[in-house]
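my_file_15.pdb (PDB, C-alpha atoms, pLDDT in the B column) appears below.
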```
ATOM      1  CA  MET A 251       0.000   0.000   0.000  1.00 63.00           C
ATOM      2  CA  HIS A 252       1.349   3.410  -0.923  1.00 63.00           C
ATOM      3  CA  ILE A 253      -0.025   6.665   0.415  1.00 69.00           C
ATOM      4  CA  HIS A 254       1.154   9.971  -0.969  1.00 61.00           C
ATOM      5  CA  ILE A 255       0.178  13.143   0.833  1.00 67.00           C
ATOM      6  CA  ALA A 256       1.103  16.470  -0.715  1.00 65.00           C
ATOM      7  CA  PHE A 257       0.889  19.762   1.065  1.00 69.00           C
ATOM      8  CA  VAL A 258       0.826  22.746  -1.243  1.00 72.00           C
ATOM      9  CA  MET A 259       2.067  25.870   0.438  1.00 77.00           C
ATOM     10  CA  THR A 260       1.252  29.276  -0.905  1.00 80.00           C
ATOM     11  CA  LYS A 261       3.025  32.537  -0.285  1.00 83.00           C
ATOM     12  CA  VAL A 262       1.669  36.033  -0.657  1.00 85.00           C
ATOM     13  CA  ILE A 263       3.978  38.421  -2.487  1.00 87.00           C
ATOM     14  CA  SER A 264       3.665  42.094  -3.314  1.00 89.00           C
ATOM     15  CA  LEU A 265       4.194  43.319  -6.853  1.00 87.00           C
ATOM     16  CA  SER A 266       4.219  46.782  -8.275  1.00 91.00           C
ATOM     17  CA  GLU A 267       1.428  47.541 -10.724  1.00 92.00           C
ATOM     18  CA  LYS A 268       3.958  47.443 -13.572  1.00 93.00           C
ATOM     19  CA  ALA A 269       5.323  44.036 -12.456  1.00 91.00           C
ATOM     20  CA  TYR A 270       1.798  42.634 -12.158  1.00 91.00           C
ATOM     21  CA  THR A 271       0.820  43.912 -15.595  1.00 93.00           C
ATOM     22  CA  THR A 272       4.009  42.463 -17.096  1.00 93.00           C
ATOM     23  CA  LEU A 273       3.461  39.092 -15.431  1.00 91.00           C
ATOM     24  CA  LYS A 274      -0.189  39.044 -16.455  1.00 92.00           C
ATOM     25  CA  GLY A 275       0.833  39.779 -20.040  1.00 94.00           C
ATOM     26  CA  MET A 276       3.181  36.795 -20.007  1.00 93.00           C
ATOM     27  CA  LYS A 277       0.452  34.371 -18.917  1.00 93.00           C
ATOM     28  CA  LYS A 278      -0.544  31.810 -21.504  1.00 92.00           C
ATOM     29  CA  SER A 279      -4.044  30.393 -21.705  1.00 92.00           C
ATOM     30  CA  GLY A 280      -4.677  28.083 -18.741  1.00 93.00           C
ATOM     31  CA  GLU A 281      -1.507  29.131 -16.898  1.00 93.00           C
ATOM     32  CA  SER A 282      -1.505  30.283 -13.305  1.00 90.00           C
ATOM     33  CA  PHE A 283       0.749  33.082 -12.095  1.00 89.00           C
ATOM     34  CA  SER A 284       2.866  30.407 -10.382  1.00 89.00           C
ATOM     35  CA  ASP A 285       3.225  28.625 -13.728  1.00 91.00           C
ATOM     36  CA  VAL A 286       4.434  31.853 -15.352  1.00 90.00           C
ATOM     37  CA  VAL A 287       6.970  32.513 -12.609  1.00 89.00           C
ATOM     38  CA  MET A 288       8.314  28.943 -12.809  1.00 88.00           C
ATOM     39  CA  ARG A 289       8.502  29.084 -16.610  1.00 87.00           C
ATOM     40  CA  VAL A 290      10.327  32.409 -16.641  1.00 85.00           C
ATOM     41  CA  ALA A 291      12.628  31.541 -13.726  1.00 83.00           C
ATOM     42  CA  GLY A 292      13.402  28.171 -15.285  1.00 76.00           C
ATOM     43  CA  GLU A 293      14.485  29.736 -18.579  1.00 63.00           C
ATOM     44  CA  LYS A 294      17.608  31.154 -16.974  1.00 60.00           C
ATOM     45  CA  GLN A 295      18.566  27.800 -15.488  1.00 62.00           C
ATOM     46  CA  LYS A 296      18.312  25.881 -18.754  1.00 63.00           C
ATOM     47  CA  LYS A 297      21.279  27.529 -20.472  1.00 70.00           C
ATOM     48  CA  SER A 298      24.297  25.402 -21.193  1.00 77.00           C
ATOM     49  CA  ILE A 299      27.682  26.718 -20.177  1.00 75.00           C
ATOM     50  CA  LEU A 300      28.725  26.176 -23.794  1.00 78.00           C
ATOM     51  CA  GLU A 301      26.513  29.129 -24.753  1.00 77.00           C
ATOM     52  CA  PHE A 302      29.049  31.372 -23.044  1.00 75.00           C
ATOM     53  CA  ALA A 303      32.130  29.935 -24.756  1.00 77.00           C
ATOM     54  CA  GLY A 304      34.214  32.628 -26.381  1.00 76.00           C
ATOM     55  CA  THR A 305      32.294  35.540 -24.893  1.00 74.00           C
ATOM     56  CA  TRP A 306      35.005  36.832 -22.540  1.00 74.00           C
ATOM     57  CA  LYS A 307      35.335  40.578 -23.021  1.00 79.00           C
ATOM     58  CA  GLY A 308      38.370  41.864 -21.220  1.00 79.00           C
ATOM     59  CA  ASP A 309      42.113  41.755 -21.024  1.00 83.00           C
ATOM     60  CA  ASP A 310      42.369  40.308 -17.504  1.00 85.00           C
ATOM     61  CA  ILE A 311      41.921  36.621 -18.388  1.00 82.00           C
ATOM     62  CA  ASP A 312      45.294  35.658 -16.884  1.00 86.00           C
ATOM     63  CA  GLU A 313      44.375  37.240 -13.555  1.00 88.00           C
ATOM     64  CA  VAL A 314      40.947  35.595 -13.524  1.00 87.00           C
ATOM     65  CA  PHE A 315      42.423  32.208 -14.457  1.00 86.00           C
ATOM     66  CA  SER A 316      44.914  32.520 -11.595  1.00 90.00           C
ATOM     67  CA  ILE A 317      42.093  33.222  -9.133  1.00 89.00           C
ATOM     68  CA  VAL A 318      40.109  30.238 -10.420  1.00 88.00           C
ATOM     69  CA  LEU A 319      43.099  27.913  -9.976  1.00 89.00           C
ATOM     70  CA  LYS A 320      43.702  29.252  -6.452  1.00 88.00           C
ATOM     71  CA  ASP A 321      40.029  28.704  -5.527  1.00 86.00           C
ATOM     72  CA  ARG A 322      40.166  25.157  -6.891  1.00 84.00           C
ATOM     73  CA  GLU A 323      43.211  24.360  -4.780  1.00 81.00           C
ATOM     74  CA  GLN A 324      41.498  25.692  -1.661  1.00 78.00           C
ATOM     75  CA  ALA A 325      38.425  23.611  -2.440  1.00 75.00           C
ATOM     76  CA  LYS A 326      40.534  20.458  -2.828  1.00 66.00           C
ATOM     77  CA  SER A 327      42.263  20.957   0.497  1.00 64.00           C
ATOM     78  CA  ARG A 328      39.095  21.290   2.534  1.00 61.00           C
ATOM     79  CA  GLU A 329      38.127  18.221   4.494  1.00 64.00           C
ATOM     80  CA  ILE A 330      34.584  17.526   5.503  1.00 65.00           C
ATOM     81  CA  GLU A 331      33.829  15.294   8.474  1.00 67.00           C
ATOM     82  CA  PHE A 332      30.436  13.756   8.996  1.00 65.00           C
TER      83      PHE A 332
END
```

Would you mind writing the file's structure down as structure tokens?
Amino acid sequence: MHIHIAFVMTKVISLSEKAYTTLKGMKKSGESFSDVVMRVAGEKQKKSILEFAGTWKGDDIDEVFSIVLKDREQAKSREIEF
């Protein structure tokens, strides 16, 4: 026997009139405001890192690369005990 109980929590948020109008304009037929927020918020998370390849605009790549390597070394040396 399997019983699944789901509790749906809601939150009340405040939006400016402009934000509400924008969000309402983005709603598709049959979509709730929560659906719109999840769709729009999810769009940013779906990008592949490969989309950013070759887009570095600056002359400080050596400095940034050095910082990245230093951070990686620090991350490797950390020990986590459970």

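Checking A:Val314, A:Leu300, A:Ala325, A:Val262 one by one against Phe283 of chain A, counting all atoms listed in the file, you find the shortest gap at A:Val262.
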
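Here atom CA of Arg289 of chain A stands at a distance of 21.7 Å from atom CA of Phe302 of chain A.
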
Open item on the list: Given only C-alpha atoms as the basis, pick out the residue of A:Arg322, A:Lys277, A:Ser284, A:Thr272 nearest to Met259 of chain A.
Closed with: A:Ser284

Task: Interatomic distance (Å, one decimal) between atom CA of Val287 of chain A and atom CA of Leu273 of chain A - done: 8.0 Å

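Note that atom CA of Val290 of chain A and atom CA of Leu265 of chain A are 15.9 Å apart.
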
Taking all atoms of segment 271-286 of chain A that the file lists, what box with edges along x, y and z, padded by 4 Å per side, do you get, with centre and edge lengths in Å to one decimal, as lines of an AutoDock Vina configuration file?
```
center_x = -0.1
center_y = 36.0
center_z = -16.0
size_x = 17.1
size_y = 23.8
size_z = 19.3
```
